[in-house]
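**Q** Could you have a look at this structure, given as structure tokens, before my questions?
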Amino acid sequence: MNAPDRPRPVLIVGYVAFAVPAVAAFQGPDSVVYVEEPDVARKRHLAEDVQRIDYARELIEWEYHLPGRADAFFAAHPGLDPVAVIPAVEYAVPFAARLAERYGLPGAGLGAAQLLRDKHQLRVVAAAAGIANPASEPVADAAALAGFLARHPGPAVLKPANRQASVGTLVVHGPEEVEAAWAFGQAQDEGAFVPDRPIAPVMLAEQYVRGPEFSVEMLVGGGRPLFANTTGKLLYPGRYPIEAGHTVPAELPIETHELLAAETERLAAAVGFGTGVLHCEWILADGVPVLVECAGRLPGDSITDLIEAAYPVELTRAYFALMSGEDPGPLPAKAERAAAAAFLAPDRPGTVTAVHGLDAAAAAAGVQLAAVGIAPGHRAAGLRSSWDRVGIVTTLADTPAEARRLADEAAALVRFDIDSRVEEES
């Protein structure tokens with residue numbers, strides 16, 4: 001029950017440290033309640049972190065990954081009376097959607113949220129709506145993966161249907177790689193960011209699609225698009241499809257921006273998405289948008305920060321207002337400037353002994369942020385998922401090409417010294 005002098009809280013499901021400054025810009029004291037998995041809260045010491053945030057009222061530990069737990073939360077907290085329920089991480093999307101329904105608040109809708117969290121079912125619905133998809137099948141073992149490759153010659157992508165951050169995802173070029181690829185796909189470790197209880201692997205084999213990659217970030221109110229941005233994506237070379245950089249807005253003809261936004265709107269209608277934000281990933285194959293996957297939450301990888309800088313727009317504030325049933329106010333139709341991000345990662349496994357060039361990168365032209373989240377002694381496992389990236393450089397410029405160039409040049413100034421001897425001996 002809320003005290004009379006307390007504001008109705010925003011419930012944020014899932015704790016994202018990088019999002020704290022953006023939320024702090026508009027949320028008043030004592031106005032946010034975080035909900036996090038007990039194991040994750042313990043491993044990340046979140047009780048202490050939340051206490052240090054002025055806008056945070058409390059942390060409620062709850063097993064929100066599990067089905068039915070939103071209804072249990074509502075039954076346990078009937079007087080909480082939140083003003084909005086925000087999914088901050090991928091695994092929170094269905095819980096937040098159902099909880100919003102129970103509290104009578106705007107949200108994605110449970111049905112839409114469940115489709116967005118199941119990459120196989122999302123493809124089934126999208127294909128029925130006429131949206132281009134690669135050939136895709138659930139695979140239960142290495143033999144099934146081999147069978148898919150036999151029916152669909154050429155590279156395939158093996159990926160989980162129910163994970164995030166490119167965990168367990170890789171490109172398989174032929175039958176000789178099947179056994180090793182399957183073993184890799186089963187090792188889905190996200191460390192402190194997931195509960196200790198097992199998450200059963202649910203794997204998909206998909207035909208590899210060649211072409212440049214993009215994402216559309218769209219604010220949706222009552223099924224109607226209110227704002228749309230297109231982000232250009234760069235991937236690291238190799239068999240792990242991990243994003244190496246982003247450019248906002250993508251350097252594309254206006255007609256292609258509109259096409260990608262229109263396909264995202266069609267997908268939203270196909271799944272019955274209500275109110276919230278979509279982060280939908282696409283590959284342009286000979287000019288045709290082919291669906292990769294779509295999330296019902298704000299994008300990660302600092303894309304929100306890039307959007308807010310380039311347009312400019314207070315996207316996070318507008319999203320929170322929308323989820324509170326308020327008018328988000330006027331939103332820009334196009335960007336005034338451009339922003340880019342380049343991610344930083346050690347180039348091989350081993351122990352990091354030194355980080356060089358970070359100050360030089362921070363002082364480089366156009367740089368807004370240069371940060372590394374590790375220190376000497378960090379054990380780098382190699383670049384196998386997005387979690388293996390350890391830093392970021394972001395830039396602001398007048399054009400997408402200039403923002404991209406400045407980000408890449410600044411990132412090139414950062415260098416990691418790696419001692420690989422322990423890895424070689426093990």
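Ordered as shown in the structure tokens, chains take letters A, B, and onward, while each chain numbers its residues from 1 and ligands are numbered from 1 in the order shown.
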May I have the residues within 9 Å of Arg404 of chain A as a ChimeraX atom specification, using only C-alpha atoms and disregarding those fewer than 6 positions away in the same chain?
**A** /A:245-247,338-342,395-397
**Q** Output the selection as a CSV table (one decimal), in the first residue's frame - N, CA and C atoms for each residue.
**A**
chain,number,residue,atom,x,y,z
A,245,GLY,N,29.0,-2.5,-33.8
A,245,GLY,CA,28.8,-1.0,-33.8
A,245,GLY,C,27.4,-0.7,-34.3
A,246,HIS,N,27.0,0.5,-34.0
A,246,HIS,CA,25.6,1.0,-34.4
A,246,HIS,C,25.8,2.4,-34.9
A,247,THR,N,24.9,2.8,-35.9
A,247,THR,CA,24.8,4.1,-36.4
A,247,THR,C,23.4,4.6,-36.4
A,338,ALA,N,23.7,12.9,-36.2
A,338,ALA,CA,23.9,11.5,-36.2
A,338,ALA,C,24.8,11.1,-35.1
A,339,ALA,N,24.6,9.8,-34.6
A,339,ALA,CA,25.4,9.3,-33.5
A,339,ALA,C,25.8,7.9,-33.9
A,340,ALA,N,26.9,7.4,-33.3
A,340,ALA,CA,27.4,6.1,-33.6
A,340,ALA,C,28.1,5.5,-32.3
A,341,ALA,N,28.1,4.2,-32.3
A,341,ALA,CA,28.8,3.5,-31.2
A,341,ALA,C,29.7,2.4,-31.8
A,342,ALA,N,30.9,2.3,-31.2
A,342,ALA,CA,31.8,1.2,-31.5
A,342,ALA,C,32.1,0.4,-30.2
A,395,THR,N,29.9,8.6,-30.5
A,395,THR,CA,30.3,9.8,-31.1
A,395,THR,C,29.0,10.5,-31.6
A,396,LEU,N,29.1,11.9,-31.8
A,396,LEU,CA,28.0,12.7,-32.3
A,396,LEU,C,28.6,13.5,-33.5
A,397,ALA,N,27.9,13.6,-34.6
A,397,ALA,CA,28.5,14.3,-35.8
A,397,ALA,C,27.3,14.8,-36.6
**Q** Per DSSP on the backbone, filter segment 165-366 of chain A down to the residues in alpha helix (DSSP H) and report them as number ranges by chain.
**A** A: 178-186, 254-271, 303-310, 315-323, 358-363
**Q** So the first atom is atom CA of Val125 of chain A and the second is atom CA of Val271 of chain A; what is the distance between them in Å, to one decimal place?
**A** 7.0 Å
**Q** Wanna dump the segment 91-208 of chain A-segment 17-36 of chain A contacts at 10 Å for me, each residue with its shortest atom pair and the distance in Å to one decimal, counting only C-alpha atoms, ordered by chain and number, as JSON lines?
**A**
{"residue": "A:Ala92", "atom": "CA", "partner": "A:Glu36", "partner_atom": "CA", "distance": 9.1}
{"residue": "A:Ala96", "atom": "CA", "partner": "A:Val35", "partner_atom": "CA", "distance": 10.0}
{"residue": "A:Val194", "atom": "CA", "partner": "A:Glu36", "partner_atom": "CA", "distance": 10.0}
{"residue": "A:Pro195", "atom": "CA", "partner": "A:Glu36", "partner_atom": "CA", "distance": 9.9}
**Q** Just N, CA and C atoms for this one: save the residues we selected as a PDB file, in the first residue's frame.
**A**
ATOM      1  N   ALA A  92      12.109 -10.047 -18.985  1.00  0.00           N
ATOM      2  CA  ALA A  92      11.022  -9.435 -18.213  1.00  0.00           C
ATOM      3  C   ALA A  92       9.787  -9.135 -19.046  1.00  0.00           C
ATOM      4  N   ALA A  96       6.110  -8.387 -17.346  1.00  0.00           N
ATOM      5  CA  ALA A  96       5.675  -6.988 -17.303  1.00  0.00           C
ATOM      6  C   ALA A  96       4.361  -6.804 -18.041  1.00  0.00           C
ATOM      7  N   VAL A 194      21.424 -14.030 -14.970  1.00  0.00           N
ATOM      8  CA  VAL A 194      20.290 -14.952 -14.996  1.00  0.00           C
ATOM      9  C   VAL A 194      20.250 -15.732 -13.683  1.00  0.00           C
ATOM     10  N   PRO A 195      19.085 -16.294 -13.342  1.00  0.00           N
ATOM     11  CA  PRO A 195      18.993 -17.099 -12.121  1.00  0.00           C
ATOM     12  C   PRO A 195      19.873 -18.344 -12.201  1.00  0.00           C
TER      13      PRO A 195
END
**Q** Find the residues around Glu293 of chain A up to 10 Å (only C-alpha atoms counted), leave out those fewer than 5 positions away in its own chain, and share them as number ranges by chain.
**A** A: 116-120, 122-123, 133, 161, 215, 279-282
**Q** Against segment 170-176 of chain A, which residues of segment 214-260 of chain A fall within 10 Å? For each one I want the closest pair of atoms and the distance in Å (one decimal), counting only C-alpha atoms, rows by chain and increasing residue number, as a tab-separated table.
**A**
residue	atom	partner	partner_atom	distance
A:Gly238	CA	A:Val171	CA	8.4
A:Arg239	CA	A:Val171	CA	4.9
A:Tyr240	CA	A:Leu170	CA	4.6
A:Pro241	CA	A:Leu170	CA	6.4
A:Ile242	CA	A:Leu170	CA	9.2
**Q** How close does segment 83-181 of chain A get to segment 325-337 of chain A? List, as CSV, each residue of segment 83-181 of chain A within 10 Å, its nearest atom pair and the distance in Å to one decimal, counting only C-alpha atoms.
**A**
residue,atom,partner,partner_atom,distance
A:Val83,CA,A:Gly325,CA,8.3
A:Ala84,CA,A:Gly325,CA,8.0
A:Leu105,CA,A:Gly325,CA,7.3
A:Pro106,CA,A:Gly325,CA,6.3
A:Gly107,CA,A:Gly325,CA,9.5
**Q** Atoms to include: N, CA and C atoms. Write the selected residues as a compact mmCIF listing (two decimals), in the first residue's frame.
**A**
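Once everything was written out, this is again-v4.txt:
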# COMPACT_ATOMS: atom_id res chain seq x y z
N VAL A 83 2.01 3.17 -11.38
CA VAL A 83 1.55 4.02 -12.47
C VAL A 83 1.97 3.44 -13.81
N ALA A 84 2.98 2.58 -13.82
CA ALA A 84 3.46 1.95 -15.05
C ALA A 84 4.27 0.71 -14.70
N LEU A 105 -3.08 -1.29 -16.57
CA LEU A 105 -2.18 -0.28 -17.13
C LEU A 105 -1.86 -0.59 -18.59
N PRO A 106 -1.41 0.41 -19.34
CA PRO A 106 -0.99 0.15 -20.72
C PRO A 106 0.17 -0.84 -20.76
N GLY A 107 0.20 -1.65 -21.81
CA GLY A 107 1.28 -2.61 -21.97
C GLY A 107 1.20 -3.29 -23.32
**Q** Residues near Pro38 of chain A, anyone? I mean within 9 Å using only C-alpha atoms, not counting same-chain ones fewer than 6 positions away, as a PyMOL selection string.
**A** chain A and resi 60-63+195
**Q** Considering only C-alpha atoms, can you say which of A:Val390, A:Ala370, A:Val352, A:Leu145 comes closest to Arg421 of chain A?
**A**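 Using only C-alpha atoms, Arg421 of chain A sits closest to A:Val352.
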